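The data block below is input-v4.cif; it holds mmCIF, C-alpha atoms.
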data_my_file
#
loop_
_atom_site.label_atom_id
_atom_site.label_comp_id
_atom_site.auth_asym_id
_atom_site.auth_seq_id
_atom_site.Cartn_x
_atom_site.Cartn_y
_atom_site.Cartn_z
CA MET A 1 165.53 -32.10 28.69
CA LYS A 2 168.23 -34.23 30.30
CA TYR A 3 165.98 -35.66 32.99
CA GLU A 4 163.01 -37.03 31.12
CA ALA A 5 161.13 -40.01 32.54
CA ASP A 6 163.15 -42.55 30.55
CA VAL A 7 166.31 -41.25 32.25
CA VAL A 8 165.05 -40.56 35.77
CA GLU A 9 162.97 -43.66 36.34
CA PRO A 10 165.84 -46.15 35.76
CA LEU A 11 168.00 -44.04 38.11
CA HIS A 12 165.31 -44.16 40.79
CA ALA A 13 164.23 -47.78 40.30
CA GLY A 14 166.77 -49.17 42.74
CA LEU A 15 166.58 -46.48 45.42
CA PHE A 16 166.05 -47.48 49.05
CA GLY A 17 166.91 -51.15 48.68
CA SER A 18 167.83 -53.50 51.51
CA LEU A 19 171.09 -51.78 52.53
CA HIS A 20 169.59 -48.30 52.53
CA ALA A 21 166.45 -49.53 54.29
CA TYR A 22 168.50 -51.05 57.12
CA TYR A 23 170.39 -47.82 57.80
CA TYR A 24 167.65 -45.38 56.78
CA ASP A 25 166.57 -44.43 60.30
CA SER A 26 170.16 -44.05 61.49
CA ILE A 27 171.04 -41.81 58.55
CA ASN A 28 167.97 -39.65 59.21
CA ARG A 29 168.15 -39.76 63.00
CA ARG A 30 168.33 -35.95 63.27
CA LYS A 31 165.14 -35.41 61.27
CA ASP A 32 162.51 -33.83 63.51
CA TYR A 33 159.62 -36.21 62.95
CA PRO A 34 157.63 -35.12 66.05
CA ALA A 35 157.59 -31.49 64.89
CA GLU A 36 156.59 -32.53 61.37
CA VAL A 37 153.73 -34.71 62.64
CA ASP A 38 152.51 -31.92 64.94
CA GLN A 39 152.44 -29.67 61.88
CA LEU A 40 150.61 -32.33 59.86
CA CYS A 41 147.95 -32.64 62.54
CA ASP A 42 147.49 -28.87 62.54
CA VAL A 43 147.15 -28.85 58.75
CA PHE A 44 144.58 -31.67 58.93
CA VAL A 45 142.39 -29.39 61.05
CA LYS A 46 142.95 -26.40 58.75
CA GLY A 47 142.42 -28.37 55.58
CA ALA A 48 139.69 -30.85 56.44
CA GLY A 49 138.30 -29.95 59.86
CA GLN A 50 138.21 -33.52 61.11
CA VAL A 51 140.55 -36.33 60.07
CA SER A 52 140.43 -39.90 61.37
CA SER A 53 142.15 -41.87 58.58
CA VAL A 54 145.49 -41.13 56.88
CA LEU A 55 147.11 -42.72 53.83
CA ASP A 56 150.88 -42.25 53.57
CA LEU A 57 152.14 -42.83 50.03
CA CYS A 58 155.81 -43.86 49.70
CA CYS A 59 155.90 -44.17 53.47
CA GLY A 60 159.49 -45.39 53.86
CA THR A 61 160.15 -46.96 57.24
CA GLY A 62 156.95 -45.50 58.71
CA ARG A 63 158.26 -42.87 61.11
CA HIS A 64 155.45 -40.39 60.33
CA LEU A 65 152.90 -43.20 60.47
CA GLU A 66 154.08 -44.39 63.86
CA LEU A 67 153.54 -40.97 65.43
CA LEU A 68 150.21 -40.49 63.68
CA ALA A 69 149.04 -43.92 64.87
CA ALA A 70 150.12 -43.07 68.41
CA ALA A 71 148.02 -39.89 68.13
CA GLY A 72 144.93 -42.02 67.41
CA TYR A 73 144.64 -41.96 63.62
CA GLU A 74 143.90 -45.00 61.51
CA VAL A 75 146.90 -45.18 59.18
CA VAL A 76 147.83 -47.06 56.04
CA GLY A 77 151.28 -46.86 54.49
CA VAL A 78 152.28 -47.76 50.95
CA ASP A 79 155.80 -48.33 49.65
CA ARG A 80 157.04 -50.09 46.53
CA GLN A 81 160.32 -51.24 48.08
CA PRO A 82 159.71 -54.41 50.15
CA PRO A 83 162.63 -53.76 52.56
CA MET A 84 161.27 -50.31 53.44
CA ALA A 85 157.69 -51.56 53.71
CA GLN A 86 158.77 -54.41 55.99
CA ARG A 87 160.56 -52.07 58.38
CA ALA A 88 157.44 -49.89 58.48
CA ARG A 89 155.28 -52.96 59.10
CA GLU A 90 157.46 -53.98 62.03
CA ARG A 91 157.34 -50.46 63.46
CA LEU A 92 153.54 -50.34 63.26
CA ALA A 93 152.85 -53.87 64.50
CA ARG A 94 151.70 -52.66 67.93
CA PHE A 95 148.91 -50.50 66.49
CA PRO A 96 145.69 -52.37 65.65
CA ARG A 97 144.54 -49.66 63.20
CA ALA A 98 147.74 -49.52 61.19
CA SER A 99 148.83 -51.45 58.10
CA VAL A 100 151.38 -51.29 55.32
CA VAL A 101 150.94 -52.31 51.69
CA ASP A 102 153.71 -53.25 49.24
CA ALA A 103 152.66 -51.57 46.00
CA ASP A 104 153.79 -49.28 43.22
CA LEU A 105 152.26 -45.83 43.51
CA PHE A 106 151.18 -45.58 39.88
CA THR A 107 149.17 -48.81 39.88
CA LEU A 108 147.73 -48.33 43.37
CA ASP A 109 144.01 -48.77 43.91
CA LEU A 110 143.09 -49.62 47.51
CA GLY A 111 139.37 -49.49 46.81
CA ARG A 112 138.70 -46.98 49.57
CA THR A 113 139.29 -43.35 50.50
CA PHE A 114 140.95 -41.52 53.40
CA ASP A 115 140.37 -38.21 55.14
CA ALA A 116 143.98 -37.21 54.47
CA VAL A 117 146.59 -38.41 51.99
CA ILE A 118 150.21 -37.48 52.65
CA MET A 119 153.48 -37.87 50.75
CA MET A 120 156.50 -36.75 52.75
CA PHE A 121 160.29 -36.48 52.43
CA SER A 122 160.22 -34.63 49.06
CA VAL A 123 158.81 -37.72 47.35
CA LEU A 124 156.64 -35.75 44.92
CA GLY A 125 159.78 -34.07 43.56
CA TYR A 126 161.18 -37.44 42.50
CA PHE A 127 158.51 -37.49 39.79
CA VAL A 128 160.36 -34.93 37.71
CA THR A 129 158.19 -34.65 34.61
CA ASN A 130 154.79 -32.95 34.51
CA GLU A 131 153.18 -36.18 33.33
CA ARG A 132 154.45 -38.25 36.26
CA LEU A 133 153.62 -35.49 38.73
CA ASP A 134 150.09 -35.37 37.39
CA ALA A 135 149.77 -39.15 37.64
CA ALA A 136 150.95 -39.11 41.28
CA LEU A 137 148.53 -36.33 42.20
CA ARG A 138 145.67 -38.20 40.57
CA VAL A 139 146.43 -41.28 42.68
CA MET A 140 146.20 -39.01 45.74
CA HIS A 141 142.88 -37.61 44.44
CA ARG A 142 141.45 -41.09 43.82
CA HIS A 143 142.14 -42.11 47.42
CA LEU A 144 140.91 -38.89 49.06
CA ALA A 145 137.49 -38.70 50.67
CA PRO A 146 135.21 -35.73 49.84
CA GLY A 147 136.22 -32.77 51.99
CA GLY A 148 139.63 -34.28 52.67
CA VAL A 149 143.12 -32.80 52.33
CA ILE A 150 146.38 -33.86 50.70
CA VAL A 151 149.68 -32.83 52.29
CA PHE A 152 153.23 -33.16 50.97
CA ASP A 153 156.60 -31.44 51.22
CA VAL A 154 158.76 -30.14 48.37
CA GLU A 155 162.05 -28.36 47.80
CA ASP A 156 161.48 -24.62 47.37
CA ALA A 157 162.96 -23.20 44.14
CA THR A 158 164.05 -19.88 45.61
CA ALA A 159 165.92 -21.53 48.47
CA ALA A 160 167.54 -24.15 46.23
CA LEU A 161 168.81 -21.59 43.73
CA ARG A 162 170.28 -19.42 46.47
CA ALA A 163 172.34 -22.40 47.66
CA ASP A 164 173.63 -23.57 44.30
CA THR A 165 177.23 -24.19 45.42
CA PRO A 166 177.96 -27.93 45.10
CA MET A 167 178.31 -29.74 48.42
CA THR A 168 180.07 -32.93 49.47
CA GLY A 169 179.72 -34.65 52.81
CA GLY A 170 179.33 -37.88 54.70
CA GLU A 171 179.53 -39.67 58.02
CA LEU A 172 180.38 -42.99 59.63
CA ILE A 173 177.33 -44.61 61.21
CA VAL A 174 177.77 -47.31 63.83
CA PRO A 175 174.39 -48.83 64.77
CA VAL A 176 173.97 -50.70 68.03
CA ASP A 177 172.86 -53.95 66.40
CA GLY A 178 174.69 -53.99 63.08
CA LEU A 179 177.83 -53.37 61.09
CA PRO A 180 179.14 -49.82 60.58
CA VAL A 181 178.43 -48.03 57.31
CA LEU A 182 180.15 -45.06 55.70
CA ALA A 183 177.60 -42.85 53.95
CA GLY A 184 178.69 -40.04 51.64
CA TYR A 185 177.14 -37.77 49.03
CA ASN A 186 177.88 -35.28 46.27
CA TRP A 187 175.12 -32.75 45.70
CA ARG A 188 174.48 -29.99 43.18
CA VAL A 189 171.68 -27.89 41.70
CA ASP A 190 170.99 -28.06 37.96
CA PRO A 191 169.02 -24.86 37.26
CA ASP A 192 168.56 -25.64 33.56
CA GLU A 193 166.70 -28.83 34.49
CA GLN A 194 165.03 -27.41 37.63
CA VAL A 195 166.32 -30.23 39.82
CA SER A 196 168.78 -30.95 42.59
CA VAL A 197 170.96 -34.02 42.03
CA SER A 198 172.49 -36.01 44.88
CA VAL A 199 174.77 -38.99 44.22
CA GLU A 200 174.92 -41.04 47.40
CA HIS A 201 177.23 -43.90 48.33
CA MET A 202 177.05 -46.36 51.20
CA TRP A 203 179.81 -48.79 52.16
CA GLN A 204 179.16 -51.40 54.86
CA PHE A 205 182.22 -52.69 56.73
CA ASP A 206 183.09 -55.74 58.74
CA GLY A 207 186.53 -54.92 60.14
CA ASP A 208 188.62 -53.79 57.19
CA ARG A 209 186.45 -55.63 54.64
CA ILE A 210 183.62 -54.04 52.60
CA THR A 211 180.65 -56.41 52.85
CA ASP A 212 178.10 -54.41 50.87
CA TRP A 213 178.02 -51.25 48.77
CA VAL A 214 175.46 -49.17 46.91
CA GLU A 215 175.40 -46.02 44.78
CA GLU A 216 172.15 -44.08 44.36
CA THR A 217 171.34 -41.03 42.26
CA HIS A 218 168.48 -38.90 43.58
CA VAL A 219 167.07 -36.39 41.09
CA ILE A 220 164.53 -34.12 42.80
CA ARG A 221 162.51 -31.35 41.19
CA TYR A 222 162.07 -28.09 43.08
CA PHE A 223 159.01 -25.85 42.84
CA LEU A 224 157.53 -22.38 43.16
CA PRO A 225 154.02 -21.89 44.60
CA ARG A 226 152.55 -20.62 41.31
CA GLU A 227 153.83 -23.72 39.53
CA LEU A 228 152.33 -25.97 42.20
CA ARG A 229 149.02 -24.14 41.92
CA LEU A 230 148.91 -24.94 38.21
CA LEU A 231 149.92 -28.59 38.63
CA LEU A 232 147.44 -29.12 41.46
CA GLY A 233 144.67 -27.46 39.45
CA GLU A 234 145.22 -29.83 36.53
CA ALA A 235 144.79 -32.78 38.92
CA GLY A 236 141.59 -31.44 40.50
CA PHE A 237 142.96 -29.63 43.56
CA GLU A 238 143.29 -26.09 44.80
CA LEU A 239 146.42 -24.99 46.66
CA ALA A 240 145.47 -24.17 50.26
CA GLY A 241 148.83 -23.64 51.98
CA TYR A 242 152.60 -23.35 51.45
CA THR A 243 154.85 -22.88 54.48
CA PRO A 244 158.29 -23.92 55.80
CA LEU A 245 158.40 -27.49 57.06
CA ALA A 246 158.44 -27.56 60.86
CA GLY A 247 161.31 -28.78 62.97
CA VAL A 248 164.92 -28.06 63.74
CA ALA A 249 166.93 -28.22 60.50
CA ALA A 250 169.17 -31.29 60.53
CA THR A 251 170.89 -30.34 57.26
CA GLU A 252 171.24 -27.27 55.10
CA THR A 253 168.98 -28.70 52.44
CA GLN A 254 166.19 -29.31 54.96
CA THR A 255 165.79 -25.55 55.31
CA TRP A 256 164.56 -25.49 51.70
CA LEU A 257 161.59 -27.75 52.43
CA ARG A 258 158.05 -26.40 52.28
CA LEU A 259 154.91 -28.12 53.48
CA VAL A 260 152.09 -27.92 50.94
CA TRP A 261 148.45 -28.78 51.38
CA ALA A 262 145.56 -28.78 48.95
CA ARG A 263 141.87 -29.57 48.78
CA PRO A 264 139.85 -31.16 45.97
CA VAL A 265 138.02 -28.62 43.84
#

Encoding of this model in structure tokens:
Amino acid sequence: MKYEADVVEPLHAGLFGSLHAYYYDSINRRKDYPAEVDQLCDVFVKGAGQVSSVLDLCCGTGRHLELLAAAGYEVVGVDRQPPMAQRARERLARFPRASVVDADLFTLDLGRTFDAVIMMFSVLGYFVTNERLDAALRVMHRHLAPGGVIVFDVEDATAALRADTPMTGGELIVPVDGLPVLAGYNWRVDPDEQVSVSVEHMWQFDGDRITDWVEETHVIRYFLPRELRLLLGEAGFELAGYTPLAGVAATETQTWLRLVWARPV
């Protein structure tokens, strides 16, 4: 396979650094976080009955956590990229039962469990190989309380393969308190590898001068429910639900996303 762990992990090692972290919320400003969190809360009830604590793995800038904290949940976020974790920490500072940990997912051991463990924004698909997927799911299992529920979103294979025409796009983003950035991408589906590949560029400008620049390659595995059922079963879970992610679609690719939840066996 072209996208084994020794290829994918170096590509992903530098994702979401300081430049991306600064503009992350602006780039994703059309993402319907309130609808997603409403759906999460509904799934918590369906999957666990009663949830008071939530662990968000690879939490990014903490947008889901902020809304969950405002809804009364105790929340803990984890992200391996310090710039992303710091932005989440700043966002959650006003909530006494919220915290953020800088840590790598695969070495994480918080020494406690949570009623729900979530992993949003297609993060599970970044772990392309079966071995890394299994390791990520086992971290979720280790931090899940008995009777709890895990929830994550993935790209749906059927939807991705129907939209296999390469796409190119981008936009100029002018934040209120910072320099403008031009963000662009080239995206394609690789059906032989069962992944979508997006090469993203960001150029920050000060007048006519480029002050910072980054290129990122995002390789994301897409799934079918039967495949997920098998992977979840190997990690000690049973698939409990698979449904379109809530919210108004901000991009074409967002319509492929499916919310998945599972319970420990």

Result set of the PyMOL selection byres ((chain A and resi 34) around 10) on the coordinates above, as an mmCIF file with C-alpha atoms, in the frame of the given file:
data_model
loop_
_atom_site.group_PDB
_atom_site.id
_atom_site.type_symbol
_atom_site.label_atom_id
_atom_site.label_comp_id
_atom_site.auth_asym_id
_atom_site.auth_seq_id
_atom_site.Cartn_x
_atom_site.Cartn_y
_atom_site.Cartn_z
ATOM 1 C CA LYS A 31 165.140 -35.410 61.270
ATOM 2 C CA ASP A 32 162.510 -33.830 63.510
ATOM 3 C CA TYR A 33 159.620 -36.210 62.950
ATOM 4 C CA ALA A 35 157.590 -31.490 64.890
ATOM 5 C CA GLU A 36 156.590 -32.530 61.370
ATOM 6 C CA VAL A 37 153.730 -34.710 62.640
ATOM 7 C CA ASP A 38 152.510 -31.920 64.940
ATOM 8 C CA GLN A 39 152.440 -29.670 61.880
ATOM 9 C CA LEU A 40 150.610 -32.330 59.860
ATOM 10 C CA ARG A 63 158.260 -42.870 61.110
ATOM 11 C CA HIS A 64 155.450 -40.390 60.330
ATOM 12 C CA LEU A 67 153.540 -40.970 65.430
ATOM 13 C CA LEU A 68 150.210 -40.490 63.680
ATOM 14 C CA ALA A 246 158.440 -27.560 60.860
ATOM 15 C CA GLY A 247 161.310 -28.780 62.970
#

Check your understanding: Just how far from atom CA of A:Val78 is atom CA of A:Arg91, in Å to one decimal?
Key ->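 Taking atom CA of A:Arg91 and atom CA of A:Val78, their separation equals 13.8 Å.
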
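Ranking A:Glu238, A:Glu4, A:Asp104, A:Glu155 by their shortest atom-to-atom distance to A:Val265, with all atoms listed in the file included, puts A:Glu238 first.
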
Exercise for review: Check what the PyMOL selection byres ((chain A and resi 166-177) around 12) selects in the file above and give those residues as a ChimeraX atom specification.
Suggested key: /A:22-29,160-165,178-190,196-206,251-253

Check your understanding: Could you spell out the hits of the PyMOL selection byres ((chain A and resi 123-133) around 9) on the shown file, as a PyMOL selection string?
Key -> chain A and resi 3-5+8-9+12+57-58+106+119-122+134-138+152-155+194-195+218-223+231

Check your understanding: Out of A:Ala240, A:Ala69, A:Ala249, A:Leu108, which residue has the shortest atom-to-atom distance to A:Arg94 when counting only C-alpha atoms?
Key -> A:Ala69

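Near A:Ala145, within 9 Å and counting only C-alpha atoms, sit Arg112, Thr113, Phe114, Asp115, Ala116, His141 and Val149 of chain A; same-chain residues fewer than 4 positions away were not included.
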
Using all atoms listed in the file, find each residue of stretch 139-212 of chain A with at least one atom at most 10 Å away from an atom of stretch 51-56 of chain A; report its shortest atom-to-atom pair and that distance in Å (one decimal), sort the rows by chain and rising residue number, and return the result as CSV.
residue,atom,partner,partner_atom,distance
A:Met140,CA,A:Leu55,CA,8.9
A:His143,CA,A:Leu55,CA,8.1
A:Leu144,CA,A:Leu55,CA,8.7
A:Ala145,CA,A:Ser53,CA,9.7
A:Gly147,CA,A:Val51,CA,9.8
A:Gly148,CA,A:Val51,CA,7.7
A:Val149,CA,A:Val51,CA,8.9
A:Ile150,CA,A:Leu55,CA,9.4
A:Val151,CA,A:Asp56,CA,9.6
A:Phe152,CA,A:Asp56,CA,9.7

Practice item. Give the answer as one residue: which of A:Ala262, A:Asp109, A:Ala88, A:His20 has the shortest atom-to-atom distance to A:Leu230, using all atoms listed in the file? Key: A:Ala262

Please complete stretch 120-135 of chain A so it has N, CA and C atoms, and hand it over as a short mmCIF file (atom, residue, chain, number, x, y, z; two decimals), in the coordinates of the input.
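Output contents, as saved in result.cif:
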data_model
loop_
_atom_site.label_atom_id
_atom_site.label_comp_id
_atom_site.auth_asym_id
_atom_site.auth_seq_id
_atom_site.Cartn_x
_atom_site.Cartn_y
_atom_site.Cartn_z
N MET A 120 155.47 -37.55 52.10
CA MET A 120 156.50 -36.75 52.75
C MET A 120 157.90 -37.06 52.24
N PHE A 121 158.86 -36.30 52.74
CA PHE A 121 160.29 -36.48 52.43
C PHE A 121 160.59 -36.17 50.97
N SER A 122 159.97 -35.12 50.43
CA SER A 122 160.22 -34.63 49.06
C SER A 122 159.89 -35.66 47.99
N VAL A 123 159.06 -36.65 48.30
CA VAL A 123 158.81 -37.72 47.35
C VAL A 123 158.20 -37.19 46.06
N LEU A 124 157.28 -36.24 46.14
CA LEU A 124 156.64 -35.75 44.92
C LEU A 124 157.67 -35.21 43.93
N GLY A 125 158.75 -34.61 44.43
CA GLY A 125 159.78 -34.07 43.56
C GLY A 125 160.56 -35.12 42.80
N TYR A 126 160.51 -36.37 43.24
CA TYR A 126 161.18 -37.44 42.50
C TYR A 126 160.49 -37.71 41.17
N PHE A 127 159.24 -37.31 41.04
CA PHE A 127 158.51 -37.49 39.79
C PHE A 127 158.72 -36.22 38.95
N VAL A 128 159.84 -36.18 38.25
CA VAL A 128 160.36 -34.93 37.71
C VAL A 128 159.49 -34.35 36.60
N THR A 129 158.93 -35.17 35.75
CA THR A 129 158.19 -34.65 34.61
C THR A 129 156.76 -34.27 35.01
N ASN A 130 156.17 -33.36 34.24
CA ASN A 130 154.79 -32.95 34.51
C ASN A 130 153.83 -34.13 34.44
N GLU A 131 154.08 -35.04 33.51
CA GLU A 131 153.18 -36.18 33.33
C GLU A 131 153.19 -37.10 34.55
N ARG A 132 154.37 -37.37 35.09
CA ARG A 132 154.45 -38.25 36.26
C ARG A 132 153.92 -37.55 37.51
N LEU A 133 154.18 -36.25 37.62
CA LEU A 133 153.62 -35.49 38.73
C LEU A 133 152.10 -35.54 38.71
N ASP A 134 151.54 -35.34 37.53
CA ASP A 134 150.09 -35.37 37.39
C ASP A 134 149.54 -36.74 37.77
N ALA A 135 150.22 -37.80 37.32
CA ALA A 135 149.77 -39.15 37.64
C ALA A 135 149.80 -39.40 39.15
#
